[in-house]
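Asker: Contents of work38.txt (compact mmCIF, C-alpha atoms) are below:
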# COMPACT_ATOMS: atom_id res chain seq x y z
CA MET A 261 -30.23 -9.58 -7.71
CA SER A 262 -31.56 -10.04 -4.20
CA ARG A 263 -35.30 -10.62 -3.89
CA VAL A 264 -35.43 -8.02 -1.09
CA VAL A 265 -33.95 -4.51 -1.37
CA THR A 266 -34.07 -1.66 1.12
CA GLY A 267 -34.43 2.01 0.25
CA ILE A 268 -35.07 4.01 -2.90
CA ASP A 269 -31.37 4.07 -3.72
CA ALA A 270 -31.37 0.26 -3.93
CA LEU A 271 -34.14 0.06 -6.56
CA PRO A 272 -33.00 -2.00 -9.57
CA ALA A 273 -33.53 0.74 -12.22
CA ASP A 274 -32.84 -2.00 -14.77
CA GLY A 275 -35.67 -1.39 -17.24
CA VAL A 276 -37.41 -4.69 -16.43
CA ARG A 277 -41.17 -4.18 -16.75
CA SER A 278 -42.91 -4.61 -13.40
CA ALA A 279 -46.37 -5.10 -11.92
CA VAL A 280 -46.29 -3.21 -8.62
CA THR A 281 -48.41 -2.90 -5.52
CA VAL A 282 -47.84 -0.70 -2.46
CA GLY A 283 -48.90 -1.11 1.17
CA LYS A 284 -48.04 -1.82 4.79
CA PHE A 285 -48.79 -5.55 4.38
CA ASP A 286 -48.78 -6.00 8.16
CA GLY A 287 -49.37 -9.67 8.84
CA VAL A 288 -49.43 -10.70 5.15
CA HIS A 289 -52.94 -12.01 5.84
CA LEU A 290 -55.46 -13.58 3.46
CA GLY A 291 -56.45 -10.18 2.09
CA HIS A 292 -52.83 -9.37 1.31
CA ARG A 293 -52.35 -12.76 -0.29
CA ARG A 294 -55.36 -12.13 -2.52
CA VAL A 295 -53.72 -8.87 -3.62
CA ILE A 296 -50.54 -10.77 -4.48
CA GLU A 297 -52.53 -13.38 -6.42
CA ARG A 298 -54.18 -10.59 -8.39
CA LEU A 299 -50.77 -8.97 -8.98
CA ARG A 300 -49.38 -12.20 -10.36
CA ASP A 301 -52.46 -12.67 -12.55
CA GLU A 302 -52.10 -9.14 -13.93
CA ALA A 303 -48.44 -9.76 -14.69
CA ALA A 304 -49.16 -13.07 -16.41
CA THR A 305 -52.03 -11.64 -18.47
CA ARG A 306 -50.02 -8.64 -19.61
CA GLY A 307 -46.75 -10.49 -20.13
CA ILE A 308 -45.00 -8.45 -17.42
CA ALA A 309 -41.74 -9.95 -16.25
CA ARG A 310 -41.63 -9.02 -12.57
CA THR A 311 -44.00 -8.66 -9.61
CA VAL A 312 -43.01 -6.14 -6.95
CA VAL A 313 -44.37 -5.29 -3.51
CA ILE A 314 -43.38 -1.93 -2.04
CA THR A 315 -43.74 -1.89 1.72
CA PHE A 316 -42.29 -0.06 4.71
CA ASP A 317 -39.96 -0.84 7.59
CA ARG A 318 -42.55 0.43 10.10
CA ASN A 319 -46.14 1.53 10.24
CA PRO A 320 -46.27 5.11 8.86
CA LEU A 321 -48.16 6.13 12.01
CA GLU A 322 -44.94 5.61 13.98
CA VAL A 323 -43.68 8.74 12.22
CA LEU A 324 -46.91 10.62 11.51
CA ARG A 325 -48.94 9.90 14.69
CA PRO A 326 -46.77 7.79 17.03
CA GLU A 327 -49.39 7.84 19.80
CA LEU A 328 -51.76 5.95 17.45
CA ALA A 329 -49.26 3.45 16.03
CA PRO A 330 -50.26 -0.18 16.71
CA LEU A 331 -47.83 -3.00 17.46
CA PRO A 332 -46.92 -4.88 14.26
CA LEU A 333 -48.19 -8.37 13.58
CA LEU A 334 -44.85 -9.30 12.00
CA SER A 335 -41.34 -7.91 12.12
CA THR A 336 -39.96 -6.48 8.87
CA ASP A 337 -37.90 -9.64 8.34
CA GLN A 338 -40.93 -11.87 8.95
CA LYS A 339 -42.99 -9.75 6.58
CA THR A 340 -40.49 -9.89 3.73
CA GLU A 341 -40.13 -13.65 4.19
CA ALA A 342 -43.92 -14.07 4.02
CA LEU A 343 -44.16 -11.91 0.90
CA ILE A 344 -41.49 -13.94 -0.87
CA ASP A 345 -43.26 -17.15 0.23
CA ALA A 346 -46.45 -15.76 -1.34
CA GLY A 347 -44.71 -15.66 -4.72
CA VAL A 348 -43.51 -12.05 -5.10
CA ASP A 349 -40.44 -11.64 -7.29
CA LEU A 350 -39.10 -8.53 -5.54
CA VAL A 351 -39.88 -6.87 -2.19
CA VAL A 352 -38.86 -3.23 -1.77
CA VAL A 353 -38.64 -2.11 1.87
CA ILE A 354 -38.67 1.67 2.16
CA PRO A 355 -37.62 3.15 5.51
CA PHE A 356 -40.57 5.35 6.47
CA THR A 357 -38.64 8.39 7.68
CA PRO A 358 -39.84 12.00 8.02
CA GLU A 359 -37.95 12.71 4.78
CA PHE A 360 -39.84 9.99 2.91
CA ALA A 361 -43.12 11.16 4.44
CA ALA A 362 -42.43 14.59 2.92
CA LEU A 363 -41.81 13.21 -0.59
CA ASP A 364 -44.34 14.74 -2.97
CA PRO A 365 -46.56 12.41 -5.02
CA GLU A 366 -44.94 13.31 -8.34
CA ARG A 367 -41.47 12.38 -7.09
CA PHE A 368 -42.76 9.09 -5.65
CA VAL A 369 -44.15 8.19 -9.04
CA SER A 370 -41.12 9.28 -11.05
CA GLU A 371 -38.34 8.08 -8.74
CA VAL A 372 -39.87 4.88 -7.42
CA LEU A 373 -42.50 3.58 -9.83
CA VAL A 374 -41.05 4.80 -13.14
CA ASP A 375 -37.27 5.19 -12.86
CA GLY A 376 -36.69 2.60 -10.14
CA LEU A 377 -39.11 -0.14 -11.14
CA SER A 378 -40.28 0.48 -14.72
CA ALA A 379 -43.87 -0.03 -13.57
CA GLU A 380 -46.31 -1.07 -16.27
CA CYS A 381 -49.21 -1.91 -13.95
CA VAL A 382 -49.84 -0.53 -10.44
CA LEU A 383 -52.37 -2.40 -8.28
CA VAL A 384 -53.90 -0.49 -5.35
CA GLY A 385 -57.03 -0.31 -3.19
CA ALA A 386 -59.76 2.25 -3.82
CA ASP A 387 -58.66 4.28 -0.77
CA PHE A 388 -54.96 4.34 -1.71
CA ARG A 389 -53.08 7.52 -0.78
CA TYR A 390 -49.45 8.37 -1.34
CA GLY A 391 -46.98 11.24 -1.08
CA ALA A 392 -46.70 14.07 1.42
CA ARG A 393 -49.87 14.52 3.52
CA GLY A 394 -51.55 11.81 1.44
CA ALA A 395 -52.00 14.24 -1.45
CA GLY A 396 -51.78 11.47 -4.04
CA THR A 397 -55.00 9.55 -4.79
CA VAL A 398 -56.12 6.90 -7.24
CA ASP A 399 -57.16 9.69 -9.62
CA THR A 400 -53.76 11.42 -9.51
CA LEU A 401 -52.06 8.03 -9.92
CA ARG A 402 -54.14 7.32 -13.02
CA ALA A 403 -53.23 10.72 -14.42
CA ALA A 404 -49.56 9.98 -13.74
CA GLY A 405 -49.97 6.62 -15.44
CA GLU A 406 -51.22 8.30 -18.60
CA GLN A 407 -48.14 10.51 -18.55
CA HIS A 408 -45.65 7.73 -17.80
CA ASP A 409 -47.33 4.89 -19.67
CA PHE A 410 -48.50 2.61 -16.86
CA THR A 411 -52.01 1.44 -15.97
CA VAL A 412 -53.72 1.47 -12.58
CA ALA A 413 -55.86 -1.48 -11.42
CA LEU A 414 -58.02 -1.61 -8.30
CA VAL A 415 -58.36 -4.53 -5.90
CA ASP A 416 -61.37 -5.13 -3.65
CA ASP A 417 -61.36 -5.90 0.07
CA VAL A 418 -61.37 -9.56 1.07
CA CYS A 419 -63.91 -10.81 3.63
CA VAL A 420 -64.26 -13.94 5.75
CA SER A 421 -67.32 -16.18 5.51
CA ASP A 422 -69.51 -13.96 7.70
CA GLY A 423 -68.80 -10.91 5.55
CA GLU A 424 -66.31 -9.26 7.90
CA ARG A 425 -63.49 -7.47 6.11
CA ILE A 426 -60.09 -9.04 6.72
CA SER A 427 -57.78 -6.45 8.23
CA SER A 428 -54.62 -6.26 10.31
CA THR A 429 -56.59 -4.27 12.90
CA GLY A 430 -59.19 -7.03 13.22
CA ILE A 431 -56.52 -9.70 13.58
CA ARG A 432 -54.74 -7.66 16.22
CA ARG A 433 -57.97 -7.35 18.22
CA LEU A 434 -58.43 -11.12 18.16
CA LEU A 435 -54.88 -11.76 19.35
CA GLU A 436 -55.26 -9.20 22.13
CA VAL A 437 -57.91 -11.45 23.70
CA GLY A 438 -56.21 -14.76 22.88
CA TYR A 439 -58.41 -15.80 19.94
CA VAL A 440 -55.50 -17.30 18.03
CA ALA A 441 -57.59 -19.85 16.09
CA GLU A 442 -59.94 -17.12 14.85
CA ALA A 443 -56.94 -14.95 13.94
CA ALA A 444 -55.54 -17.87 11.96
CA ASP A 445 -58.73 -17.93 9.87
CA MET A 446 -58.00 -14.34 8.77
CA LEU A 447 -54.25 -14.80 8.41
CA GLY A 448 -54.50 -17.96 6.37
CA ARG A 449 -51.84 -19.45 8.66
CA LEU A 450 -51.16 -19.78 12.39
CA PRO A 451 -50.12 -16.63 14.29
CA ARG A 452 -46.40 -16.82 15.03
CA ILE A 453 -43.60 -15.20 16.98
CA ARG A 454 -39.88 -15.92 17.15
CA SER A 455 -37.01 -15.05 19.43
CA GLU A 456 -33.82 -16.40 20.92
CA VAL A 457 -33.97 -18.74 23.90
CA VAL A 458 -32.32 -17.25 26.98
CA PRO A 459 -31.86 -18.45 30.59
CA GLY A 460 -34.95 -18.00 32.76
CA TYR A 461 -35.87 -18.79 36.35
CA GLN A 462 -35.73 -22.57 35.61
CA ARG A 463 -38.78 -23.21 37.78
CA GLY A 464 -40.37 -25.37 35.10
CA ARG A 465 -37.52 -27.85 35.42
CA THR A 466 -38.15 -28.25 39.15
CA LEU A 467 -41.86 -28.75 38.45
CA GLY A 468 -41.14 -31.46 35.87
CA TYR A 469 -41.85 -29.27 32.87
CA PRO A 470 -38.60 -27.66 31.62
CA THR A 471 -39.30 -24.61 29.49
CA ALA A 472 -37.48 -22.50 26.92
CA ASN A 473 -37.63 -18.84 27.93
CA LEU A 474 -37.86 -16.49 24.94
CA ALA A 475 -35.91 -13.24 24.99
CA GLN A 476 -37.82 -9.97 25.26
CA GLY A 477 -38.58 -8.16 22.00
CA ALA A 478 -39.82 -11.22 20.13
CA GLU A 479 -40.64 -10.79 16.45
CA GLY A 480 -44.36 -10.90 15.85
CA PHE A 481 -47.42 -10.09 17.95
CA ILE A 482 -47.54 -11.83 21.33
CA PRO A 483 -51.15 -12.79 22.13
CA ALA A 484 -52.99 -12.28 25.40
CA ASP A 485 -51.70 -13.77 28.64
CA GLY A 486 -52.57 -17.42 29.02
CA VAL A 487 -51.61 -20.98 28.13
CA TYR A 488 -51.62 -22.11 24.48
CA ALA A 489 -51.20 -25.21 22.37
CA CYS A 490 -48.38 -24.40 19.95
CA TRP A 491 -46.02 -25.82 17.41
CA MET A 492 -42.36 -25.05 18.09
CA HIS A 493 -39.94 -24.81 15.17
CA VAL A 494 -36.18 -24.94 15.71
CA ASP A 495 -33.31 -26.14 13.50
CA GLY A 496 -35.74 -27.34 10.85
CA GLN A 497 -37.67 -29.54 13.28
CA ARG A 498 -41.19 -29.18 14.65
CA PHE A 499 -42.32 -30.15 18.14
CA GLY A 500 -45.60 -29.86 19.97
CA ALA A 501 -45.39 -27.37 22.82
CA ALA A 502 -47.26 -26.02 25.82
CA VAL A 503 -46.66 -22.28 25.91
CA SER A 504 -47.24 -19.85 28.76
CA VAL A 505 -47.57 -16.11 28.14
CA GLY A 506 -47.60 -13.76 31.12
CA ASN A 507 -45.75 -12.91 34.32
CA ASN A 508 -46.33 -16.15 36.27
CA PRO A 509 -48.54 -14.81 39.08
CA THR A 510 -48.07 -17.93 41.23
CA PHE A 511 -44.55 -16.80 42.12
CA GLY A 512 -45.14 -13.06 41.82
CA ASP A 513 -41.55 -12.04 41.09
CA VAL A 514 -41.62 -11.84 37.30
CA PRO A 515 -41.86 -8.11 36.52
CA GLU A 516 -42.56 -8.35 32.78
CA LYS A 517 -44.53 -10.48 30.35
CA THR A 518 -42.55 -13.58 29.38
CA VAL A 519 -43.08 -16.38 26.89
CA GLU A 520 -42.08 -19.87 28.02
CA ALA A 521 -42.40 -23.00 25.90
CA HIS A 522 -42.32 -26.61 27.08
CA ALA A 523 -41.52 -29.01 24.24
CA ILE A 524 -43.65 -32.14 24.59
CA ASP A 525 -42.00 -35.59 24.45
CA VAL A 526 -38.53 -34.27 23.57
CA THR A 527 -35.46 -33.15 25.49
CA VAL A 528 -33.43 -30.64 23.54
CA ASP A 529 -30.91 -27.95 24.47
CA LEU A 530 -32.36 -24.71 23.11
CA TYR A 531 -30.22 -22.06 24.81
CA GLY A 532 -28.96 -19.50 22.29
CA LYS A 533 -31.13 -20.88 19.49
CA THR A 534 -33.84 -19.01 17.61
CA VAL A 535 -37.26 -20.59 18.15
CA GLU A 536 -40.47 -19.89 16.25
CA LEU A 537 -43.80 -20.58 17.94
CA GLU A 538 -47.07 -21.05 16.04
CA PHE A 539 -50.14 -20.55 18.21
CA VAL A 540 -52.82 -23.17 17.56
CA ARG A 541 -55.39 -22.74 20.34
CA PHE A 542 -55.98 -20.86 23.59
CA ILE A 543 -56.19 -23.33 26.49
CA ARG A 544 -56.82 -21.21 29.59
CA GLY A 545 -56.15 -17.85 31.13
CA MET A 546 -53.22 -17.02 33.39
CA ARG A 547 -54.03 -17.31 37.08
CA LYS A 548 -52.35 -17.57 40.47
CA PHE A 549 -52.23 -21.00 42.10
CA PRO A 550 -52.00 -21.58 45.89
CA SER A 551 -48.75 -23.55 45.61
CA ALA A 552 -46.09 -24.81 43.23
CA ASP A 553 -47.61 -28.31 43.49
CA ALA A 554 -51.01 -26.99 42.44
CA LEU A 555 -49.41 -25.28 39.46
CA ALA A 556 -47.55 -28.48 38.50
CA HIS A 557 -50.83 -30.43 38.64
CA GLN A 558 -52.52 -27.90 36.37
CA MET A 559 -49.59 -28.03 33.95
CA GLY A 560 -50.18 -31.76 33.67
CA VAL A 561 -53.87 -31.18 32.94
CA ASP A 562 -52.92 -28.56 30.36
CA GLU A 563 -50.52 -30.93 28.62
CA VAL A 564 -53.21 -33.60 28.26
CA GLU A 565 -55.51 -31.07 26.58
CA ILE A 566 -52.72 -29.73 24.39
CA ARG A 567 -51.82 -33.24 23.25
CA GLY A 568 -55.40 -33.67 22.13
CA VAL A 569 -55.43 -30.34 20.26
CA LEU A 570 -52.17 -31.15 18.44
CA GLY A 571 -52.94 -34.83 17.89
CA LEU A 572 -49.93 -36.03 19.84
Show me, as structure tokens, the structure contained in the file I just sent.
Answerer:
Amino acid sequence: MSRVVTGIDALPADGVRSAVTVGKFDGVHLGHRRVIERLRDEAATRGIARTVVITFDRNPLEVLRPELAPLPLLSTDQKTEALIDAGVDLVVVIPFTPEFAALDPERFVSEVLVDGLSAECVLVGADFRYGARGAGTVDTLRAAGEQHDFTVALVDDVCVSDGERISSTGIRRLLEVGYVAEAADMLGRLPRIRSEVVPGYQRGRTLGYPTANLAQGAEGFIPADGVYACWMHVDGQRFGAAVSVGNNPTFGDVPEKTVEAHAIDVTVDLYGKTVELEFVRFIRGMRKFPSADALAHQMGVDEVEIRGVLGL
């Protein structure tokens, strides 16, 4: 069967014993990867055939408290890809609808964990809540496990070297101020976005630095306005790139934040293609220059620095 299924109705219900964990997994950061490592270890130790991550198609706050819902670090597709890359056998994506939010804890256990996944071990954090109004707790889950013959294991938080807990919220705060290298330390990989390349203003071409303009609504969390050293991935190839995020204040006629990428040392037609950008380092903030020539000069200075960062 597919390694990714969507919705309770798509659960395998095949009787294959499973080690299961549940969470938002926004970013699939180092803490999440530690959870997956522990899940795989539990499965191997107990002789359980399948590891399963249950996650959601959106942050539950988008339904429960939309005014508090943060922007996601990864799209649902990016998240499921990252979970599979981390070694999970099956990813279950549950649409977090008002109907699902109203599902009582007992039905979640019986319909999802027991009937749908044949859970033998459920791995959760100490603050895990589930079911309508968060009525389900670790204690109620353990009681349900005694009834349905599965065990509950707890996983600790993961911290970086200075003792700070790794969290999606912390990573988001770093990206909001352009600290992409520090965010990478918590993610265990470079922050990334992807989108289709669409026609732009084509000013970069006239300045000697042709750029690929990414369509609005990119997958992933776009960091703070500024210029970045990046890796660009397209059609299985990787190029060094100088990337600008912002509304190009020098010209003053770009009404919305845009992402433009200049591939270094290559000429390639990217229109209509999906490009993924990995952010390596913040170079400088976005600012208005007195002329197009002054901007072109600064772009040349930026490229020299970016070449050094990327080792080009």
Asker: I need the residue nearest A:Glu359 from this list: A:Ala395, A:Ile268, A:Cys490, A:Ile308. Use all atoms listed in the file for the distance.
Answerer: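 For A:Glu359, the nearest of the candidates is A:Ile268.
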Asker: Name the closest residue to A:Glu424 among the candidates A:Gly307, A:Gly500, A:Gly291, A:Pro550; distances are taken between atoms, counting only C-alpha atoms.
Answerer: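 The answer is A:Gly291, which sits nearest to A:Glu424.
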Asker: Within 9 Å of stretch 526-537 of chain A, counting only C-alpha atoms, which residues qualify if same-chain residues fewer than 3 places away don't, as a list in words?
Answerer: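 Non-adjacent residues within range: Pro451, Arg452, Ile453, Arg454, Ser455, Glu456, Val457, Val458, Pro459, Pro470, Ala472, Asn473, Leu474, Cys490, Trp491, Met492, His493, Val494, Asp495, Phe499, Ala501, Val503, Ala521 and Ala523 of chain A.
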Asker: Hey, can you check how far atom CA of A:Phe316 sits from atom CA of A:Val353?
Answerer: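 Those two atoms sit 5.1 Å apart.
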Asker: As an exercise, work out the distance from atom CA of A:Leu290 to atom CA of A:Gly448 in Å and give it to one decimal place.
Answerer: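 Between these atoms lies a distance of 5.3 Å.
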Asker: The residues within 12 Å of (-42.5, -13.6, 4.5), using all atoms listed in the file and the coordinates of the file, should be reported as number ranges by chain; which are they?
Answerer: A: 263-264, 285-289, 292-293, 313, 333-348, 350-351, 449, 452, 480
Asker: Could you please take those selected residues and save C-alpha atoms as a compact mmCIF listing (two decimals), in the frame of the given file?
Answerer:
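Now in selection.txt:
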# COMPACT_ATOMS: atom_id res chain seq x y z
CA ARG A 263 -35.30 -10.62 -3.89
CA VAL A 264 -35.43 -8.02 -1.09
CA PHE A 285 -48.79 -5.55 4.38
CA ASP A 286 -48.78 -6.00 8.16
CA GLY A 287 -49.37 -9.67 8.84
CA VAL A 288 -49.43 -10.70 5.15
CA HIS A 289 -52.94 -12.01 5.84
CA HIS A 292 -52.83 -9.37 1.31
CA ARG A 293 -52.35 -12.76 -0.29
CA VAL A 313 -44.37 -5.29 -3.51
CA LEU A 333 -48.19 -8.37 13.58
CA LEU A 334 -44.85 -9.30 12.00
CA SER A 335 -41.34 -7.91 12.12
CA THR A 336 -39.96 -6.48 8.87
CA ASP A 337 -37.90 -9.64 8.34
CA GLN A 338 -40.93 -11.87 8.95
CA LYS A 339 -42.99 -9.75 6.58
CA THR A 340 -40.49 -9.89 3.73
CA GLU A 341 -40.13 -13.65 4.19
CA ALA A 342 -43.92 -14.07 4.02
CA LEU A 343 -44.16 -11.91 0.90
CA ILE A 344 -41.49 -13.94 -0.87
CA ASP A 345 -43.26 -17.15 0.23
CA ALA A 346 -46.45 -15.76 -1.34
CA GLY A 347 -44.71 -15.66 -4.72
CA VAL A 348 -43.51 -12.05 -5.10
CA LEU A 350 -39.10 -8.53 -5.54
CA VAL A 351 -39.88 -6.87 -2.19
CA ARG A 449 -51.84 -19.45 8.66
CA ARG A 452 -46.40 -16.82 15.03
CA GLY A 480 -44.36 -10.90 15.85
Asker: Please return as a PDB file with C-alpha atoms, in the frame of the given file every residue within 10 Å of (-49.8, -23.9, 37.2), taking into account all atoms listed in the file and the file's own coordinates.
Answerer:
ATOM      1  CA  GLY A 464     -40.370 -25.370  35.100  1.00  0.00           C
ATOM      2  CA  LEU A 467     -41.860 -28.750  38.450  1.00  0.00           C
ATOM      3  CA  VAL A 487     -51.610 -20.980  28.130  1.00  0.00           C
ATOM      4  CA  SER A 504     -47.240 -19.850  28.760  1.00  0.00           C
ATOM      5  CA  ASN A 508     -46.330 -16.150  36.270  1.00  0.00           C
ATOM      6  CA  PRO A 509     -48.540 -14.810  39.080  1.00  0.00           C
ATOM      7  CA  THR A 510     -48.070 -17.930  41.230  1.00  0.00           C
ATOM      8  CA  MET A 546     -53.220 -17.020  33.390  1.00  0.00           C
ATOM      9  CA  ARG A 547     -54.030 -17.310  37.080  1.00  0.00           C
ATOM     10  CA  LYS A 548     -52.350 -17.570  40.470  1.00  0.00           C
ATOM     11  CA  PHE A 549     -52.230 -21.000  42.100  1.00  0.00           C
ATOM     12  CA  PRO A 550     -52.000 -21.580  45.890  1.00  0.00           C
ATOM     13  CA  SER A 551     -48.750 -23.550  45.610  1.00  0.00           C
ATOM     14  CA  ALA A 552     -46.090 -24.810  43.230  1.00  0.00           C
ATOM     15  CA  ASP A 553     -47.610 -28.310  43.490  1.00  0.00           C
ATOM     16  CA  ALA A 554     -51.010 -26.990  42.440  1.00  0.00           C
ATOM     17  CA  LEU A 555     -49.410 -25.280  39.460  1.00  0.00           C
ATOM     18  CA  ALA A 556     -47.550 -28.480  38.500  1.00  0.00           C
ATOM     19  CA  HIS A 557     -50.830 -30.430  38.640  1.00  0.00           C
ATOM     20  CA  GLN A 558     -52.520 -27.900  36.370  1.00  0.00           C
ATOM     21  CA  MET A 559     -49.590 -28.030  33.950  1.00  0.00           C
ATOM     22  CA  GLY A 560     -50.180 -31.760  33.670  1.00  0.00           C
ATOM     23  CA  VAL A 561     -53.870 -31.180  32.940  1.00  0.00           C
ATOM     24  CA  ASP A 562     -52.920 -28.560  30.360  1.00  0.00           C
TER      25      ASP A 562
END
Asker: What does the distance between atom CA of A:Phe368 and atom CA of A:Val276 come to in Å, to one decimal place?
Answerer: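 The value is 18.3 Å.
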Asker: Out of A:Tyr390, A:Asn507, A:Asp349, A:Glu565, which residue has the shortest atom-to-atom distance to A:Arg367 when counting all atoms listed in the file?
Answerer: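 Nearest candidate to A:Arg367 out of A:Tyr390, A:Asn507, A:Asp349, A:Glu565: A:Tyr390.
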